[in-house]
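This report refers to the structure that appears directly beneath it.
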Amino acid sequence: MGDMRHLTLESHLRSLLNGLSQDNSAGTFAQNLLYTKPLAVHFRPDIESAFLVKRNLEFSLIFKVASFLWLLLYVIILTATYQKFQYIFTDKSYFIWQSAFFSTGLLIFLGGIFAFLPKTHHFIHQYVVAPAMTLLLYQLLIGSIAHSQHEFSSYASYNVIIAMIIAVNSLRLLWQKSLFILACSSLMAYATAFINNWQIPLLPSLHGFVLIAIVLINIAFFIERRERLSFLNEILVEVKSHELSRINRHLITIAREDALSGLANRRAFDDTLIIEWDRARRDEQAISLLFMDVDHFKLYNDTYGHSAGDDCLRQVATAIKKAVLRPADLTARYGGEEFVVLLPATDGLGAEEVAERILRTVDTLAIPHKRSLVSYHVTVSIGICTMLPNDKNNIALFIENADAALYKAKTSGRHCFKHYMDPSVHNNFHFRH
Amino acid sequence: MLKQQEQNHATLQQQPELFDYINRILSKRKLTFLFPAILEGQFVAKRATDSQAFINTGRYLLIVLFLIIVANVTIYYQDIVLENNYQIIKNTYIPLSIAIAFILFSPLIELVKNKFYYFMTPCAIFILAQIIFLSLKYDGDYSDFVVYHLMMAIILMAFGLRFVLPLFFLVLTISGAVAINFANIWDVSINYAKFSNYYILYCCVVLALTAISEWHERLAFLQSLLLDHQSQQLNLLNHELARIAHEDALTGIANRRSFDEMARKEWDRSLRDKHPLTLLLLDVDFFKRFNDFYGHSAGDECLHSVAQTLKKSVLRSSDVVARYGGEEFVILLASTKASGGIEVAERIIKAIDELAIPHRQSDILPHVSISVGVTTLIASPDLSVASLIHQADVALYKAKELGRHQYVVYENLLPKSPPKSSA
């Protein structure tokens, strides 16, 4: 709890829950308990401490609001008593009732002050509330026992019950602690009565205190049990949210990634192409597409086997990716041994530069290819198309032209690039290189 | 309980806007005491179930409590109880006991169980009004005695019967009003100072406490709905994930990864059972030209229909059909001898011919055709799935060499018998 000073209770609880959500065993633990639903719900230590922090937080919230209500309740009882039994406050023989009123008022006043100091709430809830409540109940109890023949005695015992209910049901203490408060305060009160030789009215104390205390503790136990189970629910919600977002992320990755090469897949390419095409059209900028194919890959596959073929594709993919420098450029596997590079906001010259770089990078890989008719190692051919999107062209034409350029590169000996210049970019279209 | 969960799923599934509502309330921990009708109904039903569980576990404890009270009253307040010819017993204690017994045993009655709060509300009002009336009518010790039990009854109703806040407020107000009304009818002089202390003030405190606890419970309820919803979504996603991981996106048949997995399993089984494994490696003839000539999307379509045809041509569910890469497919036939493999190969070549996808660039036929390499092995520790594939690849290569549109069996290529092909 050393870090408590730097964190608010709420963020502390968040981080604890977050920690539990990444712990699979916490989820299993919660699931098991929720399934068996035992009468006494015991948590393991880390969950228990998170639960206590949550109760702490709830106490803090209640404390802020309730301190006003306590004050209101106190003022109402005080005024009503003063109007009906004014002499209680002046006659010295009613010292016990005077001191009970005074100490209750003092506690509520102090509570009101500390309610505005949220940093103290954690400490108050852990160490102060229980003894303070014990003392308060002790005072009220002696008050209800002291002058048992006096008319005010009935009112005093009603007020004891109200205080008991508030203590047990609203202070967010564990039920054992509540039981402890009730037991201690009553033992102290009856001991005091015994020492002073007061006549203890047996029946009212049995019904007005013991039976009600039993009912209250019983209810507190069931409420706590329900809250513990719903806390497990809360943990499970965290666990599942965490898992859901993980799986969603994973799904998005595998839906848009080519498993073999690790590049974007065809679907991701198609989506990006539409977006980039529209953007280029809006910004009136040229957009370039490189279509490439591993030369004589069929022969490579037949010679070296499938797994060597896969390996070759992976290396070529990495090489292409390395040759494409800007983050906005997209490298994708188009199918089989075909790759594409989409270069937004790139004119013909820029595209040729990239193509040149790709050719060189693949060459430096120098993957042996005995049966290639072009070179002794694996090479690629590239078709380039640069366009300025307008009313006369479209995406299908863009791809078709890049494909045509690639075909041209293949027919003119492979291991090179051919550039299809669209009329939208140049007045006269031609193949270069 | 399970049924209830399914019902929750159904409601959430039908109304995604409910889910938004739940998330909004939960993220702000908003104070609310009335849900939209469909949730409110479920929430009240859950409270009724909880309350019945509480009554069922505490029934005998509550009976003992009640008996202690009755015993004490008859011992200590005989004069009051016996006055006027047992009036108080006849008019109050007997109806009260019946009402309390009715509540304690109500979870055992099917009709009451289903319409819990329709029965509990009048019952609670009746009991409270009776006790309040007693506390008003008599003064002194006996009055205090009654008041303690009134307070006990109120707290038991708040946390045991679990009325929702507005309904509980109504129950308390009506009972108080009814009791005062009867007291006036019977000319009882009412000590209003006491009454406002032990009833009005006390009820305010209890209502405030039930409000806090109900707020927590409502949030917990939404949380449990959210949890059900998330579990369901998680199941769907996991299912989807498994499908994506094992399916080839283009052709809809198993992908390479899932083939590797299944092949390993079949290999292990063959190791154990010594049953032969037959593998077919298939390649679309001149597919490169098809792609170049008809375009990529036509090529994709061609692969898709070929894959679907292959899938239809194997009959047993244990047979694995997968896309091996580019235009290559693989079929693994478990516990199948070479003759079975040949049968399948023949069937496939015929089925692809019947598809009759036009292919003008093919050297051999005017439509798309397929070559097949077949091999059969009995698994042994010094071999692996890779040897199976290698043999099929060799056979496939031979089939291509021999002019495509045919199958070649690897075993026939071995030196002891001359290479043989059939078409």
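FYI, nothing fancy with the structure tokens labels: chains A, B, ... in order, residues from 1 per chain, ligands from 1 as they appear.
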Residues of chain B within 9 Å of chain A, using only C-alpha atoms, as an NGL selection string?
:B and (54 or 65 or 69 or 72 or 76 or 140-141 or 144-145 or 147-149 or 151-152 or 155-156 or 159-160 or 193-194 or 197-198 or 201-202 or 205-206 or 209-210 or 212-213 or 216-217 or 220-221 or 223-224 or 226-228 or 230-231 or 233-234 or 237-238 or 240-241 or 244-245 or 292 or 295-296 or 325-327 or 390 or 393 or 397)
Residues at most 12 Å from Pro131 of chain A, counting only C-alpha atoms, excluding those fewer than 2 positions away in the same chain, as a VMD selection string?
chain A and resid 107 124 to 129 133 to 138 167 177 to 178 180 to 182 184 to 185
Figure out the distance between atom CA of Ser93 of chain A and atom CA of His147 of chain A, please, to one decimal in Å.
10.0 Å
Select from segment 273-371 of chain A everything DSSP, run on the backbone, classes as helix (DSSP H, G or I), then give the selection as a ChimeraX atom specification.
/A:273-283,297-304,306-323,348-365
Could you pull out the residues in segment 116-347 of chain A that DSSP calls strand (DSSP E or B) from the backbone, as a PDB file with C-alpha atoms, in the first residue's frame?
ATOM      1  CA  GLU A 257      -1.995  -9.452 -42.983  1.00  0.00           C
ATOM      2  CA  ALA A 264      -0.478  -6.469 -45.919  1.00  0.00           C
ATOM      3  CA  ILE A 287      -0.386   8.331 -57.316  1.00  0.00           C
ATOM      4  CA  SER A 288       1.886   5.450 -58.357  1.00  0.00           C
ATOM      5  CA  LEU A 289       1.538   1.708 -58.263  1.00  0.00           C
ATOM      6  CA  LEU A 290       4.307  -0.880 -58.585  1.00  0.00           C
ATOM      7  CA  PHE A 291       3.286  -4.330 -59.689  1.00  0.00           C
ATOM      8  CA  MET A 292       6.016  -6.925 -59.330  1.00  0.00           C
ATOM      9  CA  ASP A 293       6.532 -10.597 -59.890  1.00  0.00           C
ATOM     10  CA  VAL A 294       9.351 -12.942 -58.933  1.00  0.00           C
ATOM     11  CA  LEU A 330       1.901   0.345 -48.647  1.00  0.00           C
ATOM     12  CA  THR A 331       3.606  -2.923 -49.531  1.00  0.00           C
ATOM     13  CA  ALA A 332       1.296  -5.899 -50.002  1.00  0.00           C
ATOM     14  CA  ARG A 333       1.293  -9.438 -51.334  1.00  0.00           C
ATOM     15  CA  TYR A 334      -1.131  -9.503 -54.205  1.00  0.00           C
ATOM     16  CA  GLY A 335      -1.256 -13.256 -54.680  1.00  0.00           C
ATOM     17  CA  GLU A 338       3.093 -11.158 -56.940  1.00  0.00           C
ATOM     18  CA  PHE A 339       3.674  -8.098 -54.810  1.00  0.00           C
ATOM     19  CA  VAL A 340       2.413  -4.534 -55.054  1.00  0.00           C
ATOM     20  CA  VAL A 341       3.631  -1.226 -53.686  1.00  0.00           C
ATOM     21  CA  LEU A 342       1.265   1.726 -53.521  1.00  0.00           C
ATOM     22  CA  LEU A 343       2.972   5.112 -53.458  1.00  0.00           C
TER      23      LEU A 343
END
Please, what distance in Å, to one decimal, runs between atom CA of Phe105 of chain B and atom CA of Ser143 of chain B?
28.7 Å
Tell me which protein, DNA and RNA residues are within 9 Å of segment 43-57 of chain A, counting only C-alpha atoms, leaving out same-chain ones fewer than 6 positions away, and put them as a PDB file with N, CA and C atoms, in the first residue's frame.
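Done, and the output landed in selection11.pdb:
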ATOM      1  N   LEU A   9      -8.019   6.711  -4.525  1.00  0.00           N
ATOM      2  CA  LEU A   9      -8.551   5.366  -4.324  1.00  0.00           C
ATOM      3  C   LEU A   9      -9.081   4.793  -5.628  1.00  0.00           C
ATOM      4  N   GLU A  10      -9.724   5.658  -6.407  1.00  0.00           N
ATOM      5  CA  GLU A  10     -10.380   5.191  -7.622  1.00  0.00           C
ATOM      6  C   GLU A  10      -9.367   4.655  -8.631  1.00  0.00           C
ATOM      7  N   HIS A  12      -6.443   3.671  -7.965  1.00  0.00           N
ATOM      8  CA  HIS A  12      -5.811   2.499  -7.365  1.00  0.00           C
ATOM      9  C   HIS A  12      -6.645   1.245  -7.644  1.00  0.00           C
ATOM     10  N   LEU A  13      -7.961   1.375  -7.448  1.00  0.00           N
ATOM     11  CA  LEU A  13      -8.861   0.253  -7.720  1.00  0.00           C
ATOM     12  C   LEU A  13      -8.806  -0.120  -9.198  1.00  0.00           C
ATOM     13  N   LEU A  16      -5.703  -2.041  -9.842  1.00  0.00           N
ATOM     14  CA  LEU A  16      -5.792  -3.398  -9.276  1.00  0.00           C
ATOM     15  C   LEU A  16      -6.644  -4.297 -10.168  1.00  0.00           C
ATOM     16  N   LEU A  17      -7.797  -3.759 -10.589  1.00  0.00           N
ATOM     17  CA  LEU A  17      -8.694  -4.537 -11.454  1.00  0.00           C
ATOM     18  C   LEU A  17      -8.013  -4.838 -12.778  1.00  0.00           C
ATOM     19  N   LEU A  20      -5.699  -7.623 -12.306  1.00  0.00           N
ATOM     20  CA  LEU A  20      -6.417  -8.893 -12.216  1.00  0.00           C
ATOM     21  C   LEU A  20      -6.915  -9.339 -13.582  1.00  0.00           C
ATOM     22  N   ALA A  26      -7.113 -15.373 -12.133  1.00  0.00           N
ATOM     23  CA  ALA A  26      -8.143 -14.597 -11.427  1.00  0.00           C
ATOM     24  C   ALA A  26      -9.502 -14.852 -12.065  1.00  0.00           C
ATOM     25  N   PHE A  29     -10.592 -18.315 -11.106  1.00  0.00           N
ATOM     26  CA  PHE A  29     -10.978 -18.287  -9.699  1.00  0.00           C
ATOM     27  C   PHE A  29     -12.390 -17.719  -9.549  1.00  0.00           C
ATOM     28  N   ALA A  30     -12.618 -16.563 -10.218  1.00  0.00           N
ATOM     29  CA  ALA A  30     -13.927 -15.904 -10.129  1.00  0.00           C
ATOM     30  C   ALA A  30     -15.010 -16.815 -10.701  1.00  0.00           C
ATOM     31  N   LEU A  33     -15.863 -19.678  -8.287  1.00  0.00           N
ATOM     32  CA  LEU A  33     -16.642 -19.247  -7.117  1.00  0.00           C
ATOM     33  C   LEU A  33     -18.071 -18.908  -7.526  1.00  0.00           C
ATOM     34  N   HIS A 121      -9.564   9.431   4.080  1.00  0.00           N
ATOM     35  CA  HIS A 121     -10.658   8.457   4.143  1.00  0.00           C
ATOM     36  C   HIS A 121     -10.177   7.024   4.273  1.00  0.00           C
ATOM     37  N   HIS A 122      -9.098   6.719   3.567  1.00  0.00           N
ATOM     38  CA  HIS A 122      -8.582   5.355   3.603  1.00  0.00           C
ATOM     39  C   HIS A 122      -8.207   4.977   5.039  1.00  0.00           C
ATOM     40  N   HIS A 125     -11.323   4.834   7.372  1.00  0.00           N
ATOM     41  CA  HIS A 125     -12.131   3.626   7.196  1.00  0.00           C
ATOM     42  C   HIS A 125     -11.457   2.422   7.819  1.00  0.00           C
ATOM     43  N   GLN A 126     -10.116   2.387   7.701  1.00  0.00           N
ATOM     44  CA  GLN A 126      -9.413   1.209   8.201  1.00  0.00           C
ATOM     45  C   GLN A 126      -9.267   1.192   9.712  1.00  0.00           C
ATOM     46  N   ARG A 172     -19.821   0.284   5.234  1.00  0.00           N
ATOM     47  CA  ARG A 172     -19.037  -0.600   4.363  1.00  0.00           C
ATOM     48  C   ARG A 172     -17.950  -1.347   5.120  1.00  0.00           C
ATOM     49  N   LEU A 173     -18.281  -1.740   6.345  1.00  0.00           N
ATOM     50  CA  LEU A 173     -17.332  -2.571   7.098  1.00  0.00           C
ATOM     51  C   LEU A 173     -17.638  -4.029   6.791  1.00  0.00           C
ATOM     52  N   LEU A 174     -16.648  -4.881   6.957  1.00  0.00           N
ATOM     53  CA  LEU A 174     -16.916  -6.312   6.813  1.00  0.00           C
ATOM     54  C   LEU A 174     -17.823  -6.744   7.952  1.00  0.00           C
ATOM     55  N   ARG A 228     -19.802  -9.590  -2.631  1.00  0.00           N
ATOM     56  CA  ARG A 228     -18.592 -10.317  -3.020  1.00  0.00           C
ATOM     57  C   ARG A 228     -18.800 -11.015  -4.364  1.00  0.00           C
ATOM     58  N   PHE A 231     -18.717  -8.564  -7.030  1.00  0.00           N
ATOM     59  CA  PHE A 231     -17.351  -8.111  -7.278  1.00  0.00           C
ATOM     60  C   PHE A 231     -16.622  -9.097  -8.203  1.00  0.00           C
ATOM     61  N   LEU A 232     -16.910 -10.380  -7.999  1.00  0.00           N
ATOM     62  CA  LEU A 232     -16.333 -11.389  -8.905  1.00  0.00           C
ATOM     63  C   LEU A 232     -16.826 -11.152 -10.328  1.00  0.00           C
ATOM     64  N   ILE A 235     -14.823  -8.454 -11.802  1.00  0.00           N
ATOM     65  CA  ILE A 235     -13.502  -8.920 -12.233  1.00  0.00           C
ATOM     66  C   ILE A 235     -13.626  -9.655 -13.568  1.00  0.00           C
TER      67      ILE A 235
END
From B:Leu280, B:Leu128, B:Ile154, B:Ala307, residue lying nearest Thr336 of chain B [only C-alpha atoms]
B:Leu280
Surrounding residues of Leu31 of chain B excluding itself and chain neighbours under 6 positions, 9 Å, only C-alpha atoms, as a PDB file with C-alpha atoms, in the first residue's frame:
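result-v4.pdb written:
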ATOM      1  CA  ILE B  25     -24.737   3.844 -16.630  1.00  0.00           C
ATOM      2  CA  TRP B 215     -27.915   1.482  -6.168  1.00  0.00           C
ATOM      3  CA  LEU B 219     -24.987  -1.580 -10.943  1.00  0.00           C
TER       4      LEU B 219
END
Figure out the distance between atom CA of Arg225 of chain A and atom CA of Val41 of chain A, please, to one decimal in Å.
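Going from atom CA of Val41 of chain A over to atom CA of Arg225 of chain A covers 6.3 Å.
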Compile the contact shell of segment 365-368 of chain B as a PyMOL selection string: residues with an atom at most 7 Å away, counting only C-alpha atoms, same-chain residues fewer than 5 positions apart removed.
chain B and resi 285+356-360
Applying 10 Å and only C-alpha atoms, which residues near Ser97 of chain B remain after dropping the ones on its own chain fewer than 5 positions away? List them as a PyMOL selection string.
chain B and resi 66+70+92+102-103+127
